[in-house]
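model_11.cif, holding mmCIF, C-alpha atoms:
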```
data_run
loop_
_atom_site.label_atom_id
_atom_site.label_comp_id
_atom_site.auth_asym_id
_atom_site.auth_seq_id
_atom_site.Cartn_x
_atom_site.Cartn_y
_atom_site.Cartn_z
CA MET A 1288 0.00 0.00 0.00
CA ALA A 1289 2.80 2.42 0.88
CA LEU A 1290 4.58 1.51 -2.37
CA GLY A 1291 1.39 2.25 -4.30
CA THR A 1292 1.23 5.66 -2.63
CA ALA A 1293 4.78 6.44 -3.75
CA LEU A 1294 4.04 5.31 -7.32
CA ILE A 1295 0.98 7.54 -7.62
CA TRP A 1296 2.71 10.54 -6.04
CA GLY A 1297 5.61 10.26 -8.51
CA PRO A 1298 4.30 12.51 -11.32
CA THR A 1299 2.46 14.95 -9.02
CA GLY A 1300 5.23 17.57 -8.97
CA ALA A 1301 5.55 17.67 -12.76
CA ILE A 1302 1.77 17.92 -13.15
CA ALA A 1303 1.73 20.78 -10.61
CA LYS A 1304 4.18 22.65 -12.86
CA MET A 1305 1.92 22.04 -15.85
CA ILE A 1306 -1.14 23.33 -13.95
CA THR A 1307 0.72 26.47 -12.84
CA SER A 1308 1.73 27.20 -16.44
CA ASN A 1309 -1.99 27.33 -17.23
CA GLY A 1310 -2.46 30.15 -14.69
CA LEU A 1311 -4.30 28.16 -12.02
CA SER A 1312 -3.28 28.48 -8.36
CA GLN A 1313 -2.27 25.31 -6.51
CA ILE A 1314 -4.40 26.43 -3.56
CA SER A 1315 -7.45 26.28 -5.84
CA VAL A 1316 -6.38 22.80 -6.98
CA VAL A 1317 -6.02 21.54 -3.40
CA SER A 1318 -9.37 23.12 -2.47
CA TYR A 1319 -11.06 21.33 -5.37
CA ARG A 1320 -9.38 18.10 -4.32
CA ALA A 1321 -10.64 18.46 -0.73
CA VAL A 1322 -14.24 19.10 -1.82
CA SER A 1323 -14.35 16.30 -4.41
CA ILE A 1324 -12.81 13.70 -2.11
CA ALA A 1325 -15.06 14.66 0.82
CA ILE A 1326 -18.14 14.28 -1.41
CA LEU A 1327 -17.06 10.95 -2.93
CA ILE A 1328 -15.93 9.33 0.33
CA GLY A 1329 -18.87 10.79 2.25
CA ALA A 1330 -21.37 9.35 -0.23
CA TRP A 1331 -19.66 5.93 -0.09
CA LEU A 1332 -19.67 5.85 3.71
CA TRP A 1333 -23.31 6.92 3.84
CA MET A 1334 -24.38 4.16 1.43
CA LYS A 1335 -22.32 1.47 3.17
CA LYS A 1336 -22.63 2.35 6.86
CA GLY A 1337 -25.47 4.84 7.18
CA ILE A 1338 -25.65 8.32 8.68
CA SER A 1339 -24.48 7.09 12.10
CA VAL A 1340 -20.90 6.75 10.83
CA PHE A 1341 -20.58 10.56 10.84
CA ARG A 1342 -21.48 10.87 14.53
CA ILE A 1343 -18.17 11.14 16.32
CA SER A 1344 -17.02 12.27 19.75
CA LYS A 1345 -15.44 15.68 20.41
CA GLU A 1346 -12.12 13.95 21.00
CA ARG A 1347 -12.17 12.29 17.59
CA LEU A 1348 -13.40 15.51 15.96
CA THR A 1349 -10.39 17.33 17.38
CA ALA A 1350 -8.03 14.61 16.14
CA TYR A 1351 -9.58 14.61 12.66
CA THR A 1352 -9.43 18.42 12.48
CA LEU A 1353 -5.73 18.36 13.29
CA LEU A 1354 -5.24 15.57 10.75
CA GLY A 1355 -7.02 17.71 8.14
CA ILE A 1356 -4.79 20.71 8.86
CA LEU A 1357 -1.66 18.58 8.56
CA THR A 1358 -2.83 16.70 5.47
CA ILE A 1359 -4.52 19.41 3.39
CA ILE A 1360 -3.10 22.75 4.50
CA PHE A 1361 0.43 21.74 5.46
CA ASN A 1362 1.42 18.70 3.40
CA SER A 1363 -0.64 18.98 0.21
CA THR A 1364 -0.70 22.77 -0.16
CA GLY A 1365 2.89 23.10 1.03
CA PHE A 1366 4.22 20.59 -1.49
CA MET A 1367 2.19 21.88 -4.43
CA MET A 1368 3.24 25.47 -3.70
CA SER A 1369 6.90 24.48 -3.28
CA CYS A 1370 6.76 23.05 -6.81
CA VAL A 1371 5.75 26.50 -8.05
CA TYR A 1372 8.89 28.19 -6.70
CA LEU A 1373 11.36 25.30 -6.88
CA SER A 1374 12.24 22.70 -9.46
CA VAL A 1375 10.59 19.33 -8.89
CA PRO A 1376 13.92 17.73 -7.82
CA GLN A 1377 14.56 20.58 -5.35
CA ALA A 1378 11.06 20.27 -3.89
CA LEU A 1379 11.43 16.51 -3.49
CA MET A 1380 14.92 16.84 -2.05
CA LEU A 1381 13.66 19.09 0.73
CA GLY A 1382 10.41 17.18 1.15
CA TYR A 1383 12.12 13.89 1.78
CA THR A 1384 13.86 15.02 4.91
CA SER A 1385 10.51 13.94 6.42
CA PRO A 1386 11.61 10.35 7.29
CA ILE A 1387 14.16 11.77 9.72
CA VAL A 1388 11.53 14.05 11.26
CA THR A 1389 9.01 11.18 11.42
CA MET A 1390 11.49 8.92 13.18
CA ALA A 1391 12.31 11.59 15.73
CA GLY A 1392 8.63 12.15 16.52
CA SER A 1393 7.59 8.50 16.42
CA ALA A 1394 9.30 7.54 19.66
CA CYS A 1395 7.62 10.43 21.49
CA LEU A 1396 4.11 10.37 20.00
CA THR A 1397 3.39 6.73 19.14
CA GLY A 1398 5.90 4.86 21.31
CA GLU A 1399 7.37 3.13 18.25
CA LYS A 1400 11.11 3.64 18.26
CA PRO A 1401 12.79 3.28 14.86
CA THR A 1402 15.27 0.44 14.60
CA PRO A 1403 18.96 1.23 14.07
CA VAL A 1404 18.60 -0.02 10.50
CA GLN A 1405 15.73 2.43 9.87
CA VAL A 1406 17.77 5.30 11.28
CA ILE A 1407 20.67 4.40 8.98
CA ALA A 1408 18.22 4.08 6.08
CA GLY A 1409 16.88 7.56 6.79
CA PHE A 1410 20.33 9.08 6.53
CA MET A 1411 20.98 7.02 3.40
CA VAL A 1412 17.93 8.71 1.89
CA LEU A 1413 19.45 12.10 2.63
CA LEU A 1414 22.75 10.97 1.09
CA GLY A 1415 20.95 9.79 -2.04
CA LEU A 1416 19.08 13.08 -2.30
CA TYR A 1417 22.31 15.05 -1.85
CA ILE A 1418 24.10 13.12 -4.59
CA GLY A 1419 21.14 13.17 -6.95
CA PHE A 1420 19.91 16.73 -6.55
CA VAL A 1421 22.74 18.82 -5.08
CA MET A 1422 25.87 17.36 -6.67
CA GLY A 1423 23.85 16.75 -9.82
CA THR A 1424 22.72 20.35 -10.20
CA GLU A 1425 24.62 21.83 -13.10
CA SER A 1426 23.51 25.44 -12.74
CA GLY A 1427 24.59 27.48 -9.74
CA GLY A 1428 21.37 29.48 -9.51
CA SER A 1429 19.95 30.48 -6.16
CA ILE A 1430 17.13 28.58 -4.49
CA SER A 1431 13.89 30.44 -3.76
CA LEU A 1432 13.49 31.08 -0.03
CA VAL A 1433 9.72 31.17 -0.49
CA GLY A 1434 9.91 27.72 -2.04
CA VAL A 1435 12.08 26.48 0.83
CA ALA A 1436 9.54 27.83 3.33
CA TRP A 1437 6.67 26.04 1.56
CA ALA A 1438 8.75 22.85 1.50
CA GLY A 1439 9.28 23.18 5.25
CA VAL A 1440 5.52 23.46 5.73
CA SER A 1441 5.09 20.31 3.62
CA VAL A 1442 7.65 18.36 5.69
CA THR A 1443 5.86 19.35 8.90
CA GLY A 1444 2.56 18.16 7.46
CA SER A 1445 3.95 14.94 6.00
CA SER A 1446 5.58 13.84 9.25
CA GLY A 1447 2.72 15.06 11.41
CA GLN A 1448 -0.01 13.32 9.42
CA ALA A 1449 1.88 10.00 9.42
CA LEU A 1450 2.39 10.13 13.18
CA LEU A 1451 -1.15 11.28 13.97
CA SER A 1452 -2.78 8.76 11.62
CA ARG A 1453 -0.73 5.98 13.19
CA ARG A 1454 -1.76 7.18 16.66
CA ILE A 1455 -5.43 7.31 15.67
CA SER A 1456 -5.17 3.82 14.17
CA LYS A 1457 -3.86 2.46 17.48
CA THR A 1458 -6.72 3.92 19.55
CA GLY A 1459 -9.43 1.63 18.20
CA TYR A 1460 -10.70 3.88 15.38
CA PRO A 1461 -8.47 2.81 12.50
CA ASP A 1462 -10.94 3.15 9.60
CA PRO A 1463 -8.82 4.83 6.87
CA LEU A 1464 -11.92 5.98 4.97
CA LEU A 1465 -13.14 7.96 7.97
CA GLN A 1466 -9.70 9.52 8.34
CA LEU A 1467 -9.68 10.36 4.64
CA PHE A 1468 -13.19 11.85 4.73
CA PHE A 1469 -12.81 14.01 7.81
CA ALA A 1470 -9.28 15.13 6.93
CA HIS A 1471 -10.45 16.48 3.56
CA LEU A 1472 -13.78 17.81 4.89
CA LEU A 1473 -12.32 19.73 7.82
CA GLY A 1474 -8.95 20.64 6.30
CA GLY A 1475 -10.62 21.69 3.05
CA PHE A 1476 -13.18 23.82 4.91
CA ILE A 1477 -10.43 25.71 6.76
CA LEU A 1478 -8.41 26.18 3.54
CA ILE A 1479 -11.40 27.45 1.53
CA VAL A 1480 -12.50 29.87 4.26
CA GLY A 1481 -8.95 31.20 4.60
CA ARG A 1482 -8.54 31.63 0.84
CA THR A 1483 -11.92 33.38 0.58
CA LEU A 1484 -11.08 35.83 3.35
CA PHE A 1485 -7.46 36.58 2.51
CA GLY A 1486 -6.74 35.61 -1.09
CA GLY A 1487 -9.80 35.43 -3.30
CA TRP A 1488 -10.39 33.22 -6.32
CA SER A 1489 -9.36 35.45 -9.23
CA ASP A 1490 -7.20 32.65 -10.69
CA LEU A 1491 -10.36 30.71 -11.61
CA ALA A 1492 -10.70 33.06 -14.58
CA ASN A 1493 -7.83 31.06 -16.09
CA LEU A 1494 -9.64 27.74 -15.70
CA THR A 1495 -9.71 25.94 -19.05
CA PRO A 1496 -10.80 22.40 -19.95
CA HIS A 1497 -7.11 21.44 -20.21
CA ALA A 1498 -6.26 22.86 -16.76
CA PHE A 1499 -9.34 21.20 -15.26
CA ALA A 1500 -8.34 17.86 -16.76
CA LEU A 1501 -4.82 18.18 -15.30
CA ALA A 1502 -6.31 19.01 -11.88
CA GLN A 1503 -8.01 15.62 -11.74
CA TYR A 1504 -4.70 13.82 -11.15
CA PRO A 1505 -3.69 15.62 -7.90
CA ALA A 1506 -7.32 15.55 -6.80
CA LEU A 1507 -8.43 11.98 -7.48
CA MET A 1508 -5.19 10.01 -7.83
CA SER A 1509 -2.70 11.79 -5.55
CA GLY A 1510 -5.46 12.62 -3.11
CA LEU A 1511 -8.17 9.98 -3.09
CA VAL A 1512 -6.33 6.80 -4.12
CA ALA A 1513 -2.87 7.57 -2.74
CA TYR A 1514 -4.04 8.81 0.66
CA GLY A 1515 -6.46 5.90 0.97
CA LEU A 1516 -3.51 3.56 0.50
CA LEU A 1517 -1.36 5.62 2.87
CA PHE A 1518 -3.84 5.58 5.75
CA SER A 1519 -4.47 1.87 5.16
CA ALA A 1520 -0.74 1.16 5.26
CA LEU A 1521 -0.47 2.94 8.62
CA LYS A 1522 -2.91 0.38 10.06
CA HIS A 1523 -0.36 -2.37 9.47
CA ILE A 1524 3.17 -0.95 9.65
CA PRO A 1525 4.84 1.82 11.72
CA ALA A 1526 4.97 5.41 10.55
CA PRO A 1527 8.80 5.51 10.09
CA LEU A 1528 8.66 2.54 7.71
CA VAL A 1529 5.75 4.03 5.74
CA SER A 1530 7.62 7.32 5.46
CA LEU A 1531 10.74 5.57 4.20
CA ILE A 1532 8.87 3.53 1.60
CA CYS A 1533 7.16 6.69 0.34
CA THR A 1534 10.59 8.13 -0.49
CA LEU A 1535 10.37 5.92 -3.59
CA GLU A 1536 8.15 8.70 -4.95
CA ILE A 1537 11.31 10.48 -6.02
CA VAL A 1538 12.50 7.40 -7.94
CA PHE A 1539 9.18 7.09 -9.74
CA ALA A 1540 9.25 10.85 -10.45
CA LEU A 1541 12.59 10.48 -12.22
CA MET A 1542 11.36 7.47 -14.17
CA MET A 1543 8.37 9.43 -15.44
CA THR A 1544 10.25 12.67 -16.14
CA PRO A 1545 11.28 11.64 -19.70
CA LEU A 1546 7.63 10.93 -20.51
CA LEU A 1547 6.23 14.16 -19.05
CA VAL A 1548 8.90 16.79 -19.73
CA HIS A 1549 11.26 14.92 -22.09
CA GLN A 1550 14.33 15.14 -19.83
CA ILE A 1551 16.73 12.22 -19.35
CA PRO A 1552 17.92 11.61 -15.74
CA THR A 1553 21.62 12.34 -15.14
CA MET A 1554 24.09 9.84 -13.69
CA HIS A 1555 24.00 11.75 -10.38
CA GLU A 1556 20.23 11.35 -10.25
CA ILE A 1557 20.43 7.65 -11.12
CA THR A 1558 23.08 7.13 -8.40
CA GLY A 1559 20.97 8.99 -5.86
CA CYS A 1560 17.91 6.93 -6.71
CA SER A 1561 19.91 3.71 -6.36
CA ILE A 1562 20.95 4.73 -2.84
CA ILE A 1563 17.31 5.53 -1.98
CA LEU A 1564 16.20 2.13 -3.27
CA ALA A 1565 18.86 0.43 -1.12
CA ALA A 1566 17.77 2.46 1.90
CA VAL A 1567 14.11 1.46 1.49
CA ALA A 1568 15.08 -2.19 1.01
CA CYS A 1569 17.14 -2.09 4.22
CA SER A 1570 14.35 -0.38 6.16
CA THR A 1571 11.97 -3.30 5.52
CA ILE A 1572 14.28 -5.82 7.22
CA ARG A 1573 12.78 -7.03 10.48
CA PRO A 1574 15.26 -7.60 13.31
CA LYS A 1575 15.27 -11.16 14.59
CA PRO A 1576 14.17 -11.77 18.18
CA LEU A 1577 17.05 -12.11 20.60
CA GLU A 1578 16.22 -15.73 21.45
CA ALA A 1579 16.31 -16.61 17.77
CA VAL A 1580 19.94 -15.62 17.41
CA LEU A 1581 21.22 -17.11 20.66
CA PRO A 1582 23.00 -20.49 20.39
#
```

Output the file's structure as structure tokens, nothing else.
Amino acid sequence: MALGTALIWGPTGAIAKMITSNGLSQISVVSYRAVSIAILIGAWLWMKKGISVFRISKERLTAYTLLGILTIIFNSTGFMMSCVYLSVPQALMLGYTSPIVTMAGSACLTGEKPTPVQVIAGFMVLLGLYIGFVMGTESGGSISLVGVAWAGVSVTGSSGQALLSRRISKTGYPDPLLQLFFAHLLGGFILIVGRTLFGGWSDLANLTPHAFALAQYPALMSGLVAYGLLFSALKHIPAPLVSLICTLEIVFALMMTPLLVHQIPTMHEITGCSIILAAVACSTIRPKPLEAVLP
């Protein structure tokens, strides 16, 4: 499930660039995604489980609201906006510091301490990103500080949502569809109200059939399908491992780059991706129980 999430997320950054070139704001795209997913998942839950499924306690409402803020406003909006100001490799390079942040928070928030192998794998990811997207950068141009700030917001959301979803899943309310519905309903509501009050929707004048068609991928695939897989994965495996597996997004992004923007990956990028693949493979190794290794 986590691998499926990474595969679907792969082309999202390139598609965000294509949407921006059409004059449509990424905040509008994320808002559309939140509304469409909330409607689709809400209708499914209503048909399958009835109206009672939406009656939740104040404690769960608070948890789902925080999950919505982290998922929609921080992670999704932060990443999509970082792709506006940064190149896709730069945005992914900064975004995938999240496994380290997730590991640091996991021990405190969920009680699941990362194994030494997972810690090493996390730093291997950073090494792979450095080789692929710092050493491999041919131009010495400056990096947008606004883009870096948006990437930092995305990292906070990515790590926070993984930890919070894992914590919710361990409290006896693990239904990923409910998490998906309430995260998009509540997070989307806050985002839309904020945009209406402080930004406006003037960019919708640039909405064309082509831009609307492009917006379906981040909305329905990156949002609905990928997050459904992500929240389901967090029911079965710890947040640090899920975060590490999702770093394969950057590998899939490079594989799809020649198809979307007709650019061939460099040797630095291929080397970096190979290190990331090795790191993810190592992170899935389960340590043997002590009694199993004793003579």

Quiz prompt | Spatial neighbours of A:Pro1505, 10 Å, all atoms listed in the file, chain gap at least 3 places, as a ChimeraX atom specification | solution = /A:1295-1296,1298-1300,1302-1303,1313,1316-1317,1319-1320,1363,1367,1501-1502,1508-1513

Exercise. Could you list the residues chosen by the PyMOL selection byres ((chain A and resi 1407) around 12) in this structure as a VMD selection string?
Key: chain A and resid 1386 to 1387 1390 1401 to 1406 1408 to 1414 1527 1531 1562 to 1563 1565 to 1570

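Proximity to A:Val1440 was assessed for A:Gly1365, A:Gly1329, A:Gly1355, A:Gly1310 counting all atoms listed in the file; the smallest distance is recorded for A:Gly1365.
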
Quiz prompt | Spatial neighbours of A:Ala1492, max dist 12 Å, only C-alpha atoms, sep filter under 4 positions, as JSON, numbers by chain | solution = {"A": [1309, 1310, 1311, 1312, 1315, 1487, 1488, 1496, 1498, 1499]}

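Residue membership of the PyMOL selection byres ((chain A and resi 1468-1473) around 7) in the shown file amounts to Ala1321, Val1322, Ile1324, Ala1325, Ile1328, Gly1329, Tyr1351, Thr1352, Leu1354, Gly1355, Thr1358, Ile1359, Leu1464, Leu1465, Gln1466, Leu1467, Gly1474, Gly1475, Phe1476 and Ile1477 of chain A.
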
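Checking A:Leu1491, A:Leu1517, A:Met1305, A:Ile1557 one by one against A:Ala1293, counting only C-alpha atoms, you find the shortest gap at A:Leu1517.
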
All file atoms of stretch 1327-1342 of chain A boxed axis-aligned, 8 Å per side, centre plus edges, as AutoDock Vina command-line options:
```
--center_x -20.8 --center_y 6.2 --center_z 5.8 --size_x 25.7 --size_y 25.5 --size_z 33.5
```
